[in-house]
$ cat data00.tsv   # TSV, C-alpha atoms
chain	number	residue	atom	x	y	z
A	1	MET	CA	22.55	-55.29	66.15
A	2	ALA	CA	21.70	-56.48	62.64
A	3	TYR	CA	19.52	-54.45	60.29
A	4	ASP	CA	18.29	-55.57	56.90
A	5	ALA	CA	16.97	-52.35	55.29
A	6	LEU	CA	16.95	-48.56	55.34
A	7	VAL	CA	13.77	-46.54	54.81
A	8	LEU	CA	13.82	-42.89	53.74
A	9	VAL	CA	10.97	-41.11	55.56
A	10	SER	CA	9.86	-37.72	54.33
A	11	PHE	CA	6.97	-35.27	54.43
A	12	GLY	CA	5.47	-35.94	51.02
A	13	GLY	CA	3.74	-33.62	48.61
A	14	PRO	CA	1.17	-33.52	45.80
A	15	GLU	CA	2.11	-34.28	42.22
A	16	ARG	CA	-1.10	-33.22	40.44
A	17	PRO	CA	-3.49	-30.30	40.95
A	18	GLU	CA	-6.23	-32.67	42.11
A	19	ASP	CA	-3.90	-33.99	44.83
A	20	VAL	CA	-3.37	-30.61	46.48
A	21	LEU	CA	-6.41	-30.29	48.76
A	22	PRO	CA	-6.44	-33.98	49.84
A	23	PHE	CA	-2.74	-33.65	50.64
A	24	LEU	CA	-3.30	-30.51	52.73
A	25	GLN	CA	-6.18	-32.22	54.53
A	26	ASN	CA	-3.79	-35.04	55.45
A	27	VAL	CA	-1.23	-32.53	56.72
A	28	THR	CA	-3.71	-30.61	58.89
A	29	ARG	CA	-6.06	-33.39	60.00
A	30	GLY	CA	-7.18	-32.87	63.61
A	31	ARG	CA	-5.71	-29.36	63.85
A	32	GLY	CA	-8.88	-27.41	63.15
A	33	VAL	CA	-7.44	-25.46	60.22
A	34	PRO	CA	-10.30	-23.58	58.49
A	35	PRO	CA	-11.07	-24.40	54.83
A	36	GLU	CA	-10.20	-20.87	53.72
A	37	ARG	CA	-6.67	-21.27	55.06
A	38	LEU	CA	-6.29	-24.58	53.17
A	39	ALA	CA	-7.50	-22.86	50.01
A	40	GLU	CA	-4.92	-20.11	50.52
A	41	VAL	CA	-2.07	-22.60	50.92
A	42	ALA	CA	-3.38	-24.64	47.99
A	43	GLU	CA	-2.74	-21.63	45.77
A	44	HIS	CA	0.96	-21.84	46.63
A	45	TYR	CA	1.07	-25.38	45.20
A	46	LEU	CA	-1.12	-24.49	42.22
A	47	HIS	CA	1.32	-21.69	41.40
A	48	PHE	CA	3.73	-24.52	40.54
A	49	GLY	CA	1.18	-26.58	38.64
A	50	GLY	CA	0.02	-28.51	41.71
A	51	VAL	CA	3.37	-30.30	41.95
A	52	SER	CA	5.52	-30.12	45.07
A	53	PRO	CA	9.26	-30.47	44.36
A	54	ILE	CA	9.78	-32.70	47.39
A	55	ASN	CA	8.87	-36.07	45.88
A	56	GLN	CA	11.27	-35.72	42.95
A	57	GLN	CA	13.94	-34.58	45.39
A	58	CYS	CA	13.32	-37.71	47.45
A	59	ARG	CA	13.61	-39.85	44.32
A	60	GLU	CA	16.96	-38.26	43.54
A	61	LEU	CA	18.18	-38.72	47.11
A	62	LEU	CA	16.97	-42.33	47.12
A	63	ALA	CA	18.85	-43.10	43.91
A	64	ALA	CA	21.99	-41.41	45.23
A	65	ILE	CA	21.86	-43.36	48.53
A	66	ARG	CA	21.49	-46.65	46.67
A	67	GLU	CA	24.43	-45.80	44.42
A	68	ASP	CA	26.56	-44.74	47.41
A	69	PHE	CA	25.68	-47.90	49.35
A	70	ALA	CA	26.59	-50.10	46.38
A	71	ALA	CA	29.90	-48.28	45.88
A	72	ASN	CA	30.85	-48.57	49.56
A	73	GLY	CA	29.77	-52.11	50.39
A	74	VAL	CA	26.65	-51.29	52.43
A	75	ASP	CA	24.37	-54.19	51.61
A	76	LEU	CA	20.98	-52.77	52.57
A	77	PRO	CA	17.93	-52.29	50.34
A	78	VAL	CA	16.57	-48.74	50.54
A	79	TYR	CA	12.83	-48.01	50.69
A	80	TRP	CA	10.87	-44.73	50.75
A	81	GLY	CA	7.69	-43.75	52.57
A	82	ASN	CA	6.01	-40.39	53.26
A	83	ARG	CA	4.06	-38.90	56.12
A	84	ASN	CA	1.34	-37.21	54.08
A	85	TRP	CA	1.23	-38.45	50.46
A	86	ASP	CA	2.16	-41.34	48.19
A	87	PRO	CA	4.14	-43.42	48.72
A	88	MET	CA	2.51	-43.51	52.15
A	89	LEU	CA	4.67	-44.90	54.94
A	90	ALA	CA	2.20	-47.63	55.94
A	91	ASP	CA	2.18	-48.96	52.37
A	92	THR	CA	5.97	-48.96	52.34
A	93	VAL	CA	6.15	-50.80	55.66
A	94	ALA	CA	3.75	-53.42	54.29
A	95	ARG	CA	5.99	-53.90	51.26
A	96	MET	CA	9.02	-54.19	53.53
A	97	ARG	CA	7.22	-56.91	55.50
A	98	ASP	CA	6.31	-58.73	52.29
A	99	ASP	CA	9.97	-58.55	51.21
A	100	GLY	CA	11.03	-60.23	54.44
A	101	VAL	CA	12.51	-57.18	56.19
A	102	GLN	CA	12.57	-57.71	59.95
A	103	ARG	CA	14.56	-54.78	61.37
A	104	ALA	CA	15.22	-51.52	59.54
A	105	LEU	CA	16.76	-48.12	60.11
A	106	ALA	CA	14.92	-44.92	59.14
A	107	PHE	CA	16.55	-41.80	57.75
A	108	VAL	CA	14.18	-38.84	58.21
A	109	THR	CA	14.60	-35.74	56.05
A	110	SER	CA	14.70	-33.44	59.08
A	111	ALA	CA	17.94	-32.56	60.83
A	112	TYR	CA	16.63	-31.19	64.12
A	113	GLY	CA	14.97	-32.10	67.41
A	114	GLY	CA	11.44	-31.14	68.41
A	115	TYR	CA	7.94	-32.46	67.91
A	116	SER	CA	7.29	-31.81	64.20
A	117	SER	CA	10.90	-32.38	63.18
A	118	CYS	CA	11.57	-35.56	65.14
A	119	ARG	CA	8.99	-36.98	67.53
A	120	GLN	CA	6.09	-36.79	65.08
A	121	TYR	CA	8.10	-38.90	62.65
A	122	GLN	CA	8.52	-41.44	65.45
A	123	GLU	CA	4.75	-41.44	65.84
A	124	ASP	CA	4.30	-41.84	62.08
A	125	ILE	CA	6.59	-44.87	62.09
A	126	ALA	CA	4.74	-46.38	65.04
A	127	ALA	CA	1.36	-45.76	63.38
A	128	ALA	CA	2.54	-47.32	60.11
A	129	ARG	CA	3.78	-50.41	61.93
A	130	ALA	CA	0.51	-50.68	63.86
A	131	ALA	CA	-1.44	-50.46	60.59
A	132	VAL	CA	0.61	-53.28	59.09
A	133	GLY	CA	0.20	-55.48	62.15
A	134	PRO	CA	2.28	-57.61	64.50
A	135	ASP	CA	4.55	-58.90	61.73
A	136	ALA	CA	5.61	-55.39	60.69
A	137	PRO	CA	9.37	-54.89	60.75
A	138	VAL	CA	10.94	-53.06	63.68
A	139	ILE	CA	12.05	-49.61	62.49
A	140	GLU	CA	14.53	-47.45	64.40
A	141	LYS	CA	15.17	-43.82	63.48
A	142	LEU	CA	18.72	-42.65	62.84
A	143	ARG	CA	19.92	-39.76	64.96
A	144	GLN	CA	19.55	-36.07	64.20
A	145	PHE	CA	22.28	-34.63	62.02
A	146	TRP	CA	22.11	-30.86	62.51
A	147	ASP	CA	25.87	-30.54	63.14
A	148	HIS	CA	27.19	-33.27	60.84
A	149	PRO	CA	29.73	-32.07	58.27
A	150	GLY	CA	27.70	-33.73	55.52
A	151	PHE	CA	24.87	-31.32	56.33
A	152	VAL	CA	26.88	-28.24	57.35
A	153	GLU	CA	29.40	-28.19	54.51
A	154	PRO	CA	26.90	-28.19	51.58
A	155	HIS	CA	25.01	-25.36	53.26
A	156	ALA	CA	28.28	-23.45	53.71
A	157	ASP	CA	29.27	-23.91	50.06
A	158	ALA	CA	25.81	-22.71	49.02
A	159	VAL	CA	26.23	-19.54	51.10
A	160	ARG	CA	29.58	-18.87	49.44
A	161	ALA	CA	28.03	-19.37	46.00
A	162	ALA	CA	25.15	-17.03	46.83
A	163	LEU	CA	27.52	-14.35	48.12
A	164	ALA	CA	29.40	-14.55	44.83
A	165	GLN	CA	26.19	-13.52	43.03
A	166	LEU	CA	26.05	-10.19	44.90
A	167	ASP	CA	27.91	-6.97	44.16
A	168	PRO	CA	31.24	-7.13	46.04
A	169	ALA	CA	31.14	-3.35	46.36
A	170	LYS	CA	28.20	-3.82	48.73
A	171	ARG	CA	29.93	-6.42	50.91
A	172	ASP	CA	30.18	-4.06	53.89
A	173	THR	CA	26.38	-3.69	53.88
A	174	THR	CA	25.58	-7.35	53.11
A	175	ARG	CA	24.06	-9.73	55.65
A	176	VAL	CA	23.56	-13.49	55.77
A	177	VAL	CA	20.08	-14.44	56.94
A	178	PHE	CA	19.58	-18.06	58.01
A	179	THR	CA	16.00	-19.31	58.06
A	180	ALA	CA	14.10	-22.28	59.49
A	181	HIS	CA	10.48	-23.25	59.89
A	182	SER	CA	8.81	-21.30	62.68
A	183	ILE	CA	6.99	-23.28	65.38
A	184	PRO	CA	4.82	-22.20	68.32
A	185	THR	CA	6.91	-20.78	71.14
A	186	SER	CA	5.33	-23.35	73.46
A	187	ALA	CA	6.63	-26.15	71.21
A	188	ALA	CA	10.06	-24.54	71.10
A	189	ALA	CA	10.16	-24.35	74.89
A	190	THR	CA	9.42	-28.08	75.25
A	191	ALA	CA	11.62	-29.41	72.41
A	192	GLY	CA	14.08	-31.98	73.71
A	193	PRO	CA	14.65	-33.36	77.20
A	194	ALA	CA	15.46	-29.97	78.75
A	195	GLY	CA	13.52	-27.75	76.32
A	196	GLY	CA	14.78	-25.33	73.71
A	197	ARG	CA	16.51	-28.02	71.70
A	198	TYR	CA	15.14	-26.99	68.28
A	199	THR	CA	16.25	-23.38	68.59
A	200	ALA	CA	19.58	-24.31	70.19
A	201	GLN	CA	20.45	-26.74	67.41
A	202	LEU	CA	19.50	-24.24	64.72
A	203	ALA	CA	21.55	-21.52	66.40
A	204	GLU	CA	24.55	-23.85	66.42
A	205	THR	CA	24.05	-24.89	62.79
A	206	ALA	CA	23.88	-21.21	61.81
A	207	ARG	CA	27.10	-20.55	63.73
A	208	LEU	CA	28.87	-23.47	62.07
A	209	VAL	CA	27.76	-22.62	58.54
A	210	HIS	CA	28.64	-18.96	59.05
A	211	ALA	CA	32.08	-19.77	60.46
A	212	VAL	CA	32.92	-21.93	57.44
A	213	ALA	CA	31.27	-19.84	54.71
A	214	ALA	CA	31.49	-16.15	55.54
A	215	PRO	CA	32.86	-15.25	58.97
A	216	GLU	CA	33.40	-11.65	57.87
A	217	VAL	CA	29.71	-11.07	57.04
A	218	PRO	CA	27.22	-10.50	59.90
A	219	TYR	CA	24.38	-12.99	60.18
A	220	ASP	CA	21.01	-13.57	61.81
A	221	LEU	CA	18.75	-16.56	62.40
A	222	VAL	CA	15.09	-15.86	61.61
A	223	TRP	CA	11.92	-17.83	60.87
A	224	GLN	CA	9.61	-18.58	57.99
A	225	SER	CA	6.49	-20.51	57.00
A	226	ARG	CA	4.35	-19.69	60.03
A	227	SER	CA	0.97	-21.39	59.67
A	228	GLY	CA	-0.78	-21.06	63.03
A	229	PRO	CA	-3.62	-18.79	64.17
A	230	PRO	CA	-2.51	-15.21	64.89
A	231	GLN	CA	-3.40	-15.42	68.60
A	232	VAL	CA	-0.85	-18.23	69.16
A	233	PRO	CA	2.74	-16.96	69.63
A	234	TRP	CA	5.26	-18.43	67.16
A	235	LEU	CA	9.00	-17.95	66.85
A	236	GLU	CA	9.89	-14.53	65.44
A	237	PRO	CA	11.03	-12.50	63.58
A	238	ASP	CA	9.52	-13.63	60.31
A	239	ILE	CA	11.88	-13.41	57.34
A	240	ASN	CA	9.81	-10.69	55.64
A	241	ASP	CA	9.65	-8.51	58.75
A	242	HIS	CA	13.37	-9.01	59.26
A	243	LEU	CA	14.19	-7.93	55.71
A	244	ALA	CA	12.29	-4.70	56.33
A	245	ALA	CA	14.25	-4.11	59.54
A	246	LEU	CA	17.55	-4.77	57.77
A	247	ALA	CA	16.72	-2.38	54.94
A	248	SER	CA	15.86	0.35	57.42
A	249	SER	CA	19.20	-0.16	59.18
A	250	GLY	CA	21.30	0.35	56.05
A	251	VAL	CA	21.73	-3.21	54.79
A	252	THR	CA	21.74	-3.27	50.98
A	253	ALA	CA	22.10	-6.99	50.12
A	254	VAL	CA	21.18	-10.31	51.72
A	255	VAL	CA	22.01	-13.95	51.30
A	256	VAL	CA	19.11	-16.06	52.56
A	257	SER	CA	20.14	-19.57	53.59
A	258	PRO	CA	17.38	-22.07	54.54
A	259	ILE	CA	19.40	-24.13	57.00
A	260	GLY	CA	16.19	-25.57	58.44
A	261	PHE	CA	15.70	-27.70	55.32
A	262	VAL	CA	17.51	-30.45	53.43
A	263	SER	CA	16.10	-29.68	49.96
A	264	ASP	CA	14.45	-26.94	47.91
A	265	HIS	CA	10.86	-28.00	48.55
A	266	LEU	CA	7.76	-25.82	48.41
A	267	GLU	CA	8.40	-23.88	51.61
A	268	VAL	CA	11.70	-22.80	50.08
A	269	VAL	CA	10.59	-22.04	46.53
A	270	TRP	CA	7.38	-20.27	47.65
A	271	ASP	CA	8.18	-18.67	51.02
A	272	LEU	CA	11.69	-17.57	50.02
A	273	ASP	CA	12.05	-17.57	46.23
A	274	THR	CA	8.60	-16.02	45.78
A	275	GLU	CA	7.44	-14.10	48.87
A	276	ALA	CA	10.75	-13.11	50.47
A	277	LEU	CA	12.22	-12.23	47.07
A	278	ALA	CA	9.23	-9.96	46.38
A	279	THR	CA	9.70	-8.32	49.78
A	280	ALA	CA	13.38	-7.73	49.07
A	281	LYS	CA	12.60	-6.15	45.70
A	282	GLN	CA	10.06	-3.82	47.28
A	283	LEU	CA	12.68	-2.77	49.83
A	284	GLY	CA	15.43	-2.30	47.25
A	285	LEU	CA	17.56	-5.11	48.72
A	286	ASP	CA	19.79	-7.25	46.52
A	287	PHE	CA	18.78	-10.85	47.22
A	288	ALA	CA	20.50	-14.21	46.68
A	289	ARG	CA	19.07	-17.42	48.02
A	290	ALA	CA	21.54	-20.14	49.02
A	291	GLY	CA	20.80	-23.73	48.06
A	292	THR	CA	20.21	-26.77	50.25
A	293	PRO	CA	22.04	-30.13	50.40
A	294	GLY	CA	19.57	-32.05	48.21
A	295	SER	CA	21.52	-35.02	46.86
A	296	ASP	CA	24.98	-33.49	47.37
A	297	ALA	CA	27.53	-36.31	47.59
A	298	ARG	CA	28.60	-35.24	51.10
A	299	PHE	CA	25.01	-35.33	52.32
A	300	VAL	CA	24.51	-38.77	50.79
A	301	ALA	CA	27.75	-40.00	52.39
A	302	MET	CA	26.44	-38.67	55.71
A	303	VAL	CA	23.47	-41.02	55.45
A	304	ARG	CA	25.88	-43.92	55.03
A	305	GLU	CA	27.93	-42.75	58.01
A	306	LEU	CA	24.83	-42.53	60.20
A	307	VAL	CA	23.93	-46.08	59.18
A	308	LEU	CA	27.45	-47.29	59.98
A	309	GLU	CA	27.24	-45.71	63.43
A	310	ARG	CA	24.35	-48.08	64.14
A	311	THR	CA	25.54	-51.17	62.29
A	312	THR	CA	29.21	-51.28	63.28
A	313	PRO	CA	29.78	-53.82	66.10
A	314	GLY	CA	29.75	-52.06	69.46
A	315	GLY	CA	28.19	-48.95	67.93
A	316	GLU	CA	31.61	-47.45	67.21
A	317	GLY	CA	30.99	-45.91	63.80
A	318	PRO	CA	32.49	-42.65	62.47
A	319	GLN	CA	30.26	-40.40	64.64
A	320	ARG	CA	31.47	-37.31	62.74
A	321	ARG	CA	30.17	-34.02	64.04
A	322	LEU	CA	31.21	-30.40	64.31
A	323	GLY	CA	29.13	-28.88	67.05
A	324	GLU	CA	29.59	-28.54	70.76
A	325	LEU	CA	26.10	-29.56	71.90
A	326	PRO	CA	25.72	-33.24	72.89
A	327	THR	CA	24.47	-34.96	69.75
A	328	TRP	CA	23.24	-38.13	71.45
A	329	ASP	CA	21.16	-36.20	73.97
A	330	THR	CA	19.13	-34.27	71.41
A	331	CYS	CA	16.18	-36.65	71.34
A	332	PRO	CA	14.27	-38.06	74.32
A	333	THR	CA	13.40	-41.30	72.50
A	334	PRO	CA	15.62	-44.39	72.56
A	335	CYS	CA	16.17	-44.49	68.79
A	336	CYS	CA	18.52	-41.52	68.85
A	337	LEU	CA	20.73	-42.93	71.58
A	338	PRO	CA	23.86	-44.90	70.72
A	339	PRO	CA	23.50	-48.67	71.15
A	340	ALA	CA	25.26	-48.73	74.53
A	341	ARG	CA	22.76	-46.28	76.00
A	342	ARG	CA	19.50	-47.65	74.64
A	343	PRO	CA	17.22	-49.16	77.28
$ encode --input "data00.tsv" --output "structure tokens"
Amino acid sequence: MAYDALVLVSFGGPERPEDVLPFLQNVTRGRGVPPERLAEVAEHYLHFGGVSPINQQCRELLAAIREDFAANGVDLPVYWGNRNWDPMLADTVARMRDDGVQRALAFVTSAYGGYSSCRQYQEDIAAARAAVGPDAPVIEKLRQFWDHPGFVEPHADAVRAALAQLDPAKRDTTRVVFTAHSIPTSAAATAGPAGGRYTAQLAETARLVHAVAAPEVPYDLVWQSRSGPPQVPWLEPDINDHLAALASSGVTAVVVSPIGFVSDHLEVVWDLDTEALATAKQLGLDFARAGTPGSDARFVAMVRELVLERTTPGGEGPQRRLGELPTWDTCPTPCCLPPARRP
């Protein structure tokens, strides 16, 4: 099937102090989040001057994808639209329509299955197309990439680099702690066609990164960035609680690797580099935070490979993967199925 564009779809973030509250209102609209909670989260953004790192990271990724496409003969224009802040996805879809785009692929900056990490982006794309009208281009989301080497290998290299920052004399009491965004346990139970897909994919990504980066160092998968009311169960343990448990068990140093994320956005630089680091210092733990793929050349090449999977005649693209879970079955919507299996 022919496609005539790629659109990078991301979460979005404020770029001025006056953007912060309107942005958070977009994020939480319809969820009944009290104003005092929004004010609390706003302070996280204001700590960094009201600027989220995510938009600049998307600009860098966008430029890298365009350069990679040009160098490798992929003749597709690349657009960018966000879920919650400028450039808003509906505005981008309107520009794509005006440019004559009829059928596009979407690369979403989330590697995993589940509602917030996959299906909600599908809904965002559908809503943007509906807002543009019947002449909006068709947009099909590329598959999840949680086990793709272009995602796993940069994370593994970052864990190695972080380990190198720690005292080698403490290696026997060092632990690797992988983190991802917590979600309600009810959402985790219903993620994917058979449930549990989000947690299963993350567990496999952690295993893969650990096996490549530091098989001799014990590891755990824990959660961060909980935002729900306290009476609603979310995935646990939280990173800060887990650091306390590790310290009490004799661990002296930790590498924290945010495998749930593709770039060092606010939930990394605040929840880990600020809060978790402060917790580690209070506990006397040596702390090194591993980086994320960002615009690593292997991650950028992965985007091209995912596009080629969908644009190669017969759907027989590279289909590179490392994991053992069935990649094509990770999403219940047709866009993540290979061409031969789409309805």
$ closest_residue --input "data00.tsv" --among "A:Val255, A:Leu61, A:Val33, A:Ala187" --to "Val108 (chain A)" --atoms "all atoms listed in the file"
A:Leu61
$ residues_around --input "data00.tsv" --residues "Ser52 (chain A)" --least-positions-apart "5" --cutoff "6 Å" --atoms "only C-alpha atoms" --output "list in words"
Gly13, Pro14 and Leu266 of chain A
$ closest_residue --input "data00.tsv" --among "A:Gly113, A:Pro184, A:Pro35, A:Gly12" --to "Asn82 (chain A)" --atoms "only C-alpha atoms"
A:Gly12
$ residues_around --input "data00.tsv" --residues "Trp234 (chain A)" --least-positions-apart "5" --cutoff "12 Å" --atoms "all atoms listed in the file" --output "PyMOL selection string"
chain A and resi 181-189+222-229
$ closest_residue --input "data00.tsv" --among "A:Ala200, A:Ala130, A:Ile125, A:Val251" --to "Gly284 (chain A)" --atoms "only C-alpha atoms"
A:Val251
$ closest_residue --input "data00.tsv" --among "A:Trp80, A:Phe299, A:Phe261, A:Trp146" --to "Arg59 (chain A)" --atoms "only C-alpha atoms"
A:Trp80
$ atom_distance --input "data00.tsv" --atom1 "CA of Val78 (chain A)" --atom2 "CA of Gln56 (chain A)"
16.0 Å
$ closest_residue --input "data00.tsv" --among "A:Ala162, A:Met96, A:Cys58, A:Ala106" --to "Leu306 (chain A)" --atoms "all atoms listed in the file"
A:Ala106
$ residues_around --input "data00.tsv" --residues "Arg197 (chain A)" --least-positions-apart "2" --cutoff "10 Å" --atoms "all atoms listed in the file" --output "ChimeraX atom specification"
/A:112-114,188-195,199-203,325,329-331
$ write_last_selection --input "data00.tsv" --atoms "C-alpha atoms" --output "short mmCIF file (atom, residue, chain, number, x, y, z; two decimals), in the coordinates of the input"
data_model
loop_
_atom_site.label_atom_id
_atom_site.label_comp_id
_atom_site.auth_asym_id
_atom_site.auth_seq_id
_atom_site.Cartn_x
_atom_site.Cartn_y
_atom_site.Cartn_z
CA TYR A 112 16.63 -31.19 64.12
CA GLY A 113 14.97 -32.10 67.41
CA GLY A 114 11.44 -31.14 68.41
CA ALA A 188 10.06 -24.54 71.10
CA ALA A 189 10.16 -24.35 74.89
CA THR A 190 9.42 -28.08 75.25
CA ALA A 191 11.62 -29.41 72.41
CA GLY A 192 14.08 -31.98 73.71
CA PRO A 193 14.65 -33.36 77.20
CA ALA A 194 15.46 -29.97 78.75
CA GLY A 195 13.52 -27.75 76.32
CA THR A 199 16.25 -23.38 68.59
CA ALA A 200 19.58 -24.31 70.19
CA GLN A 201 20.45 -26.74 67.41
CA LEU A 202 19.50 -24.24 64.72
CA ALA A 203 21.55 -21.52 66.40
CA LEU A 325 26.10 -29.56 71.90
CA ASP A 329 21.16 -36.20 73.97
CA THR A 330 19.13 -34.27 71.41
CA CYS A 331 16.18 -36.65 71.34
#
$ atom_distance --input "data00.tsv" --atom1 "CA of Val9 (chain A)" --atom2 "CA of Pro22 (chain A)"
19.7 Å
$ atom_distance --input "data00.tsv" --atom1 "CA of Leu272 (chain A)" --atom2 "CA of Asn26 (chain A)"
24.0 Å
$ closest_residue --input "data00.tsv" --among "A:Trp85, A:Arg289, A:Glu40, A:Ala2" --to "Glu15 (chain A)" --atoms "all atoms listed in the file"
A:Trp85
$ build_atoms --input "data00.tsv" --residues "region 3-20 of chain A" --atoms "N, CA and C atoms" --output "PDB file, in the coordinates of the input"
ATOM      1  N   TYR A   3      20.625 -55.093  60.999  1.00  0.00           N
ATOM      2  CA  TYR A   3      19.520 -54.450  60.290  1.00  0.00           C
ATOM      3  C   TYR A   3      19.523 -54.955  58.864  1.00  0.00           C
ATOM      4  N   ASP A   4      18.354 -55.032  58.259  1.00  0.00           N
ATOM      5  CA  ASP A   4      18.290 -55.570  56.900  1.00  0.00           C
ATOM      6  C   ASP A   4      17.637 -54.623  55.909  1.00  0.00           C
ATOM      7  N   ALA A   5      17.488 -53.329  56.250  1.00  0.00           N
ATOM      8  CA  ALA A   5      16.970 -52.350  55.290  1.00  0.00           C
ATOM      9  C   ALA A   5      17.134 -50.946  55.864  1.00  0.00           C
ATOM     10  N   LEU A   6      17.052 -49.966  54.968  1.00  0.00           N
ATOM     11  CA  LEU A   6      16.950 -48.560  55.340  1.00  0.00           C
ATOM     12  C   LEU A   6      15.693 -48.018  54.677  1.00  0.00           C
ATOM     13  N   VAL A   7      14.926 -47.193  55.404  1.00  0.00           N
ATOM     14  CA  VAL A   7      13.770 -46.540  54.810  1.00  0.00           C
ATOM     15  C   VAL A   7      13.939 -45.027  54.922  1.00  0.00           C
ATOM     16  N   LEU A   8      13.811 -44.352  53.802  1.00  0.00           N
ATOM     17  CA  LEU A   8      13.820 -42.890  53.740  1.00  0.00           C
ATOM     18  C   LEU A   8      12.413 -42.413  54.070  1.00  0.00           C
ATOM     19  N   VAL A   9      12.287 -41.603  55.118  1.00  0.00           N
ATOM     20  CA  VAL A   9      10.970 -41.110  55.560  1.00  0.00           C
ATOM     21  C   VAL A   9      10.938 -39.608  55.372  1.00  0.00           C
ATOM     22  N   SER A  10       9.937 -39.136  54.628  1.00  0.00           N
ATOM     23  CA  SER A  10       9.860 -37.720  54.330  1.00  0.00           C
ATOM     24  C   SER A  10       8.425 -37.214  54.502  1.00  0.00           C
ATOM     25  N   PHE A  11       8.242 -35.942  54.196  1.00  0.00           N
ATOM     26  CA  PHE A  11       6.970 -35.270  54.430  1.00  0.00           C
ATOM     27  C   PHE A  11       5.932 -35.605  53.371  1.00  0.00           C
ATOM     28  N   GLY A  12       6.384 -35.676  52.132  1.00  0.00           N
ATOM     29  CA  GLY A  12       5.470 -35.940  51.020  1.00  0.00           C
ATOM     30  C   GLY A  12       4.881 -34.665  50.459  1.00  0.00           C
ATOM     31  N   GLY A  13       4.353 -34.769  49.242  1.00  0.00           N
ATOM     32  CA  GLY A  13       3.740 -33.620  48.610  1.00  0.00           C
ATOM     33  C   GLY A  13       2.947 -34.032  47.386  1.00  0.00           C
ATOM     34  N   PRO A  14       2.010 -33.182  46.950  1.00  0.00           N
ATOM     35  CA  PRO A  14       1.170 -33.520  45.800  1.00  0.00           C
ATOM     36  C   PRO A  14       1.964 -33.495  44.504  1.00  0.00           C
ATOM     37  N   GLU A  15       1.467 -34.253  43.527  1.00  0.00           N
ATOM     38  CA  GLU A  15       2.110 -34.280  42.220  1.00  0.00           C
ATOM     39  C   GLU A  15       1.148 -33.990  41.076  1.00  0.00           C
ATOM     40  N   ARG A  16      -0.100 -33.639  41.418  1.00  0.00           N
ATOM     41  CA  ARG A  16      -1.100 -33.220  40.440  1.00  0.00           C
ATOM     42  C   ARG A  16      -1.996 -32.182  41.105  1.00  0.00           C
ATOM     43  N   PRO A  17      -2.603 -31.291  40.330  1.00  0.00           N
ATOM     44  CA  PRO A  17      -3.490 -30.300  40.950  1.00  0.00           C
ATOM     45  C   PRO A  17      -4.587 -30.920  41.802  1.00  0.00           C
ATOM     46  N   GLU A  18      -5.141 -32.044  41.352  1.00  0.00           N
ATOM     47  CA  GLU A  18      -6.230 -32.670  42.110  1.00  0.00           C
ATOM     48  C   GLU A  18      -5.758 -33.316  43.409  1.00  0.00           C
ATOM     49  N   ASP A  19      -4.443 -33.438  43.583  1.00  0.00           N
ATOM     50  CA  ASP A  19      -3.900 -33.990  44.830  1.00  0.00           C
ATOM     51  C   ASP A  19      -3.778 -32.937  45.930  1.00  0.00           C
ATOM     52  N   VAL A  20      -3.815 -31.658  45.563  1.00  0.00           N
ATOM     53  CA  VAL A  20      -3.370 -30.610  46.480  1.00  0.00           C
ATOM     54  C   VAL A  20      -4.237 -30.541  47.735  1.00  0.00           C
TER      55      VAL A  20
END
